[in-house]
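Peer 1: Input file: target-v6.csv. Contents: CSV, C-alpha atoms.
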chain,number,residue,atom,x,y,z
A,1,MET,CA,204.3,104.6,111.3
A,2,GLY,CA,202.9,101.1,111.8
A,3,TRP,CA,202.5,98.4,109.2
A,4,LEU,CA,198.7,98.5,109.4
A,5,ASP,CA,198.1,102.3,109.8
A,6,ASP,CA,196.4,102.7,106.5
A,7,LEU,CA,193.9,99.9,107.1
A,8,GLU,CA,190.5,100.2,108.9
A,9,MET,CA,191.3,97.3,111.2
A,10,THR,CA,188.1,97.7,113.4
A,11,ARG,CA,186.1,96.2,110.5
A,12,LEU,CA,188.2,93.0,110.2
A,13,PHE,CA,187.0,90.9,113.1
A,14,ASP,CA,183.4,90.0,114.2
A,15,GLU,CA,183.6,91.1,117.8
A,16,ASP,CA,180.0,89.8,118.5
A,17,SER,CA,180.5,86.3,117.3
A,18,GLY,CA,180.0,83.7,120.1
A,19,TYR,CA,181.9,81.2,117.9
A,20,GLY,CA,184.7,83.7,117.5
A,21,LYS,CA,185.3,84.1,121.2
A,22,LYS,CA,187.4,80.9,121.3
A,23,TYR,CA,189.8,82.4,118.8
A,24,ARG,CA,190.3,85.6,120.7
A,25,PHE,CA,192.9,85.8,123.3
A,26,GLY,CA,193.9,88.4,125.9
A,27,GLU,CA,196.9,90.7,126.0
A,28,LEU,CA,199.9,89.5,124.1
A,29,THR,CA,203.2,89.5,126.0
A,30,GLU,CA,206.8,89.3,124.7
A,31,GLU,CA,207.1,86.0,126.5
A,32,MET,CA,204.2,84.5,124.5
A,33,ILE,CA,205.7,85.8,121.3
A,34,GLU,CA,209.1,84.3,122.1
A,35,ARG,CA,207.5,81.0,123.1
A,36,ALA,CA,205.5,80.8,119.8
A,37,GLU,CA,208.6,81.7,117.7
A,38,LYS,CA,210.6,79.0,119.4
A,39,THR,CA,207.8,76.4,119.0
A,40,MET,CA,207.4,77.2,115.3
A,41,GLY,CA,211.0,78.0,114.4
A,42,TYR,CA,209.9,81.2,112.6
A,43,PRO,CA,210.0,84.8,113.7
A,44,LEU,CA,206.7,86.7,113.9
A,45,PRO,CA,206.9,89.3,111.1
A,46,PRO,CA,206.5,92.9,112.3
A,47,SER,CA,203.0,93.3,110.7
A,48,TYR,CA,201.7,90.1,112.4
A,49,ARG,CA,203.1,91.3,115.7
A,50,GLU,CA,201.3,94.6,115.2
A,51,LEU,CA,198.1,92.9,114.4
A,52,LEU,CA,198.3,90.5,117.3
A,53,LYS,CA,198.9,93.4,119.7
A,54,MET,CA,195.7,95.1,118.5
A,55,TYR,CA,193.6,91.9,118.1
A,56,ASN,CA,195.1,88.7,119.4
A,57,GLY,CA,193.2,86.5,117.0
A,58,GLY,CA,189.6,86.3,116.0
A,59,VAL,CA,186.9,85.4,113.4
A,60,ILE,CA,186.7,87.5,110.3
A,61,HIS,CA,183.6,89.6,109.9
A,62,GLU,CA,181.0,87.7,107.8
A,63,ASP,CA,180.7,90.8,105.4
A,64,LEU,CA,184.3,90.1,104.4
A,65,ASP,CA,183.7,86.8,102.7
A,66,GLU,CA,185.3,87.2,99.2
A,67,SER,CA,188.6,85.6,100.2
A,68,TRP,CA,187.2,82.7,102.2
A,69,LEU,CA,189.4,83.8,105.1
A,70,SER,CA,187.5,82.9,108.3
A,71,VAL,CA,190.0,83.1,111.2
A,72,ILE,CA,193.3,84.7,112.0
A,73,TYR,CA,195.1,82.9,114.7
A,74,GLY,CA,196.2,84.6,117.9
A,75,ILE,CA,198.6,83.3,120.5
A,76,ALA,CA,197.0,81.7,123.5
A,77,GLU,CA,198.3,81.9,127.0
A,78,ASP,CA,198.3,78.0,127.0
A,79,PRO,CA,200.2,76.8,123.9
A,80,ALA,CA,198.1,73.6,123.8
A,81,ASN,CA,194.9,75.6,123.3
A,82,GLY,CA,193.2,74.1,120.3
A,83,TYR,CA,192.3,77.5,118.8
A,84,GLY,CA,195.7,79.2,119.2
A,85,LEU,CA,198.6,79.6,116.7
A,86,GLU,CA,201.0,77.2,118.3
A,87,TRP,CA,198.5,74.3,118.4
A,88,ALA,CA,197.4,75.1,114.8
A,89,PHE,CA,201.0,75.2,113.6
A,90,GLU,CA,201.6,71.7,114.9
A,91,ASN,CA,198.2,70.4,113.8
A,92,TRP,CA,198.5,71.5,110.2
A,93,LYS,CA,202.0,70.3,109.9
A,94,ASP,CA,201.8,66.9,111.7
A,95,GLU,CA,198.2,65.8,111.3
A,96,TRP,CA,197.3,67.3,107.9
A,97,GLU,CA,200.8,67.2,106.5
A,98,TYR,CA,201.0,70.7,105.3
A,99,PRO,CA,204.5,71.7,104.2
A,100,ASP,CA,206.7,73.4,106.8
A,101,ILE,CA,207.3,76.6,104.8
A,102,GLY,CA,206.2,79.2,107.4
A,103,ILE,CA,203.4,80.2,109.7
A,104,PRO,CA,199.8,79.1,109.1
A,105,PHE,CA,198.0,82.2,110.3
A,106,GLY,CA,194.7,82.1,108.5
A,107,GLU,CA,192.1,79.4,108.4
A,108,THR,CA,189.6,79.3,105.6
A,109,GLN,CA,185.9,78.4,105.3
A,110,SER,CA,187.0,74.9,104.0
A,111,ALA,CA,187.7,73.7,107.6
A,112,GLY,CA,191.4,73.0,107.1
A,113,HIS,CA,191.4,71.8,103.5
A,114,ASP,CA,193.3,75.0,102.5
A,115,MET,CA,195.2,77.5,104.7
A,116,TYR,CA,196.8,81.0,104.4
A,117,TYR,CA,200.5,80.9,105.3
A,118,MET,CA,203.3,83.4,105.7
A,119,ASP,CA,205.8,81.8,103.3
A,120,PHE,CA,209.3,82.2,104.7
A,121,ARG,CA,210.8,80.9,101.5
A,122,SER,CA,210.5,84.5,100.2
A,123,VAL,CA,211.0,87.2,102.8
A,124,ALA,CA,211.6,90.9,101.9
A,125,LYS,CA,214.4,92.9,103.5
A,126,ASN,CA,212.0,94.4,106.0
A,127,GLY,CA,211.3,90.9,107.4
A,128,GLU,CA,207.9,90.5,105.8
A,129,PRO,CA,207.2,87.1,104.1
A,130,ARG,CA,204.9,86.7,101.2
A,131,ILE,CA,201.4,85.4,101.7
A,132,VAL,CA,200.3,82.2,100.1
A,133,ARG,CA,197.4,79.8,100.2
A,134,ILE,CA,198.1,76.1,100.4
A,135,ASP,CA,195.5,73.7,99.0
A,136,ASN,CA,195.8,70.5,101.0
A,137,GLU,CA,193.4,68.7,98.7
A,138,MET,CA,195.6,69.5,95.7
A,139,ASP,CA,198.7,67.8,97.1
A,140,ASN,CA,199.6,71.0,99.0
A,141,THR,CA,199.8,73.2,95.9
A,142,VAL,CA,201.0,76.6,96.9
A,143,PHE,CA,199.3,79.7,95.4
A,144,TYR,CA,200.8,83.2,95.6
A,145,VAL,CA,198.4,85.7,97.2
A,146,ALA,CA,200.2,88.9,98.3
A,147,GLU,CA,203.6,90.4,98.9
A,148,ASN,CA,203.0,90.7,102.7
A,149,LEU,CA,200.3,90.6,105.4
A,150,ALA,CA,199.4,94.3,105.2
A,151,GLU,CA,198.7,94.0,101.4
A,152,PHE,CA,196.6,90.8,102.1
A,153,LEU,CA,194.6,92.4,104.9
A,154,GLY,CA,194.0,95.4,102.6
A,155,MET,CA,192.4,93.1,100.1
A,156,ILE,CA,190.3,91.4,102.8
A,157,LEU,CA,189.1,94.8,104.1
A,158,ARG,CA,188.2,95.9,100.6
A,159,ASN,CA,186.4,92.6,100.2
A,160,GLU,CA,188.3,92.0,96.9
A,161,PRO,CA,188.4,88.7,95.2
A,162,ILE,CA,191.9,87.2,95.7
A,163,GLU,CA,193.7,86.7,92.5
A,164,GLU,CA,196.1,83.9,93.0
A,165,ARG,CA,198.7,82.4,90.9
A,166,GLY,CA,200.5,79.1,91.2
A,167,LEU,CA,204.1,79.0,92.3
A,168,GLU,CA,206.7,76.9,90.6
A,169,GLU,CA,209.4,76.1,93.2
What is this file in structure tokens?
Peer 2:
Amino acid sequence: MGWLDDLEMTRLFDEDSGYGKKYRFGELTEEMIERAEKTMGYPLPPSYRELLKMYNGGVIHEDLDESWLSVIYGIAEDPANGYGLEWAFENWKDEWEYPDIGIPFGETQSAGHDMYYMDFRSVAKNGEPRIVRIDNEMDNTVFYVAENLAEFLGMILRNEPIEERGLEE
């Protein structure tokens, strides 16, 4: 049984978006995964690996707008590709000064002013980190979003408002 089996993943991405094509990448290889993990210093959680093997990045369907999630990063063949995960990881950390607490996997409609992260400060025994949103405009305040990526994607696909709570750490 996969991490995302209970989710209707075909509804997540806007396959017809011309804008979204730059965020979609071809087949994901183990070599690409290993390279990304080495670059970031974090392992890709099992659920994210599963997602990327189904859909290696893309733009979220416009009907699913309640969370403000707009893009999920995929792994590009060229790590310097400005729309891929490795480039995004370095950009958000170095240029925008986001904290190095995990993997920034989800861009929001705010164009970088807040991001969804896999927070490796809290990882379940199954290797799944919690999901947080970091607000760069609020001194990188971290808000708890979900226990793991599968739970988060379920909320997105149900188009539920995301109920966040601040973290005191």
Peer 1: Nearest to Gly112 in chain A among A:Asp135, A:Glu128, A:Asp94, A:Asp65, with distances taken over only C-alpha atoms: which residue is it?
Peer 2: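 Once distances to Gly112 in chain A are computed over only C-alpha atoms, the minimum belongs to A:Asp135.
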Peer 1: Please identify all polymer residues within 10 Å of Ala124 in chain A, counting only C-alpha atoms, omitting same-chain residues fewer than 4 positions from it, and present them as a count of residues only.
Peer 2: 6
Peer 1: Could you check which residues have any atom within 12 Å of (198.8, 70.4, 95.9), counting only C-alpha atoms with coordinates taken straight from the file, and then list them as a list in words?
Peer 2: Glu97, Tyr98, Pro99, His113, Asp114, Met115, Arg133, Ile134, Asp135, Asn136, Glu137, Met138, Asp139, Asn140, Thr141, Val142, Phe143, Gly166, Leu167 and Glu168 of chain A
Peer 1: Given the choices A:Val132, A:Leu28, A:Leu12, A:Ala150, which gets closest to Glu163 in chain A if the distance is worked out from only C-alpha atoms?
Peer 2: A:Val132
Peer 1: Please return the centre and edge lengths, in Å to one decimal, of a box with edges along x, y and z that contains all listed atoms of range 54-69 of chain A, widened by 3 Å on every side, as JSON.
Peer 2:
{"center_x": 188.2, "center_y": 88.9, "center_z": 109.3, "size_x": 21.0, "size_y": 18.4, "size_z": 26.2}
Peer 1: By how many Å are CA of Tyr117 in chain A and CA of Val145 in chain A apart?
Peer 2: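 Going from CA of Tyr117 in chain A over to CA of Val145 in chain A covers 9.6 Å.
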Peer 1: Could you list as a ChimeraX atom specification every residue that has an atom within 12 Å of (184.4, 78.7, 116.0), using the file's coordinates and counting only C-alpha atoms?
Peer 2: /A:14,17-24,57-60,70-73,82-84,107-109,111
Peer 1: Since the input lacks some atoms of range 39-51 of chain A, please model N, CA and C atoms and print them as a compact mmCIF listing (two decimals), in the coordinates of the input.
Peer 2:
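Output contents, as saved in result.txt:
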# COMPACT_ATOMS: atom_id res chain seq x y z
N THR A 39 208.60 77.59 119.34
CA THR A 39 207.80 76.40 119.00
C THR A 39 207.78 76.21 117.46
N MET A 40 207.56 77.31 116.72
CA MET A 40 207.40 77.20 115.30
C MET A 40 208.72 77.21 114.52
N GLY A 41 209.74 77.86 115.10
CA GLY A 41 211.00 78.00 114.40
C GLY A 41 211.01 79.12 113.39
N TYR A 42 210.04 80.03 113.49
CA TYR A 42 209.90 81.20 112.60
C TYR A 42 209.71 82.44 113.44
N PRO A 43 210.29 83.57 113.04
CA PRO A 43 210.00 84.80 113.70
C PRO A 43 208.65 85.37 113.32
N LEU A 44 207.94 86.00 114.24
CA LEU A 44 206.70 86.70 113.90
C LEU A 44 207.08 87.94 113.10
N PRO A 45 206.60 88.10 111.88
CA PRO A 45 206.90 89.30 111.10
C PRO A 45 206.35 90.56 111.83
N PRO A 46 206.96 91.72 111.59
CA PRO A 46 206.50 92.90 112.30
C PRO A 46 205.01 93.23 112.10
N SER A 47 204.46 93.01 110.91
CA SER A 47 203.00 93.30 110.70
C SER A 47 202.14 92.38 111.49
N TYR A 48 202.52 91.12 111.61
CA TYR A 48 201.70 90.10 112.40
C TYR A 48 201.79 90.47 113.86
N ARG A 49 202.96 90.85 114.33
CA ARG A 49 203.10 91.30 115.70
C ARG A 49 202.16 92.45 116.01
N GLU A 50 202.17 93.42 115.08
CA GLU A 50 201.30 94.60 115.20
C GLU A 50 199.84 94.20 115.30
N LEU A 51 199.43 93.33 114.39
CA LEU A 51 198.10 92.90 114.40
C LEU A 51 197.68 92.17 115.66
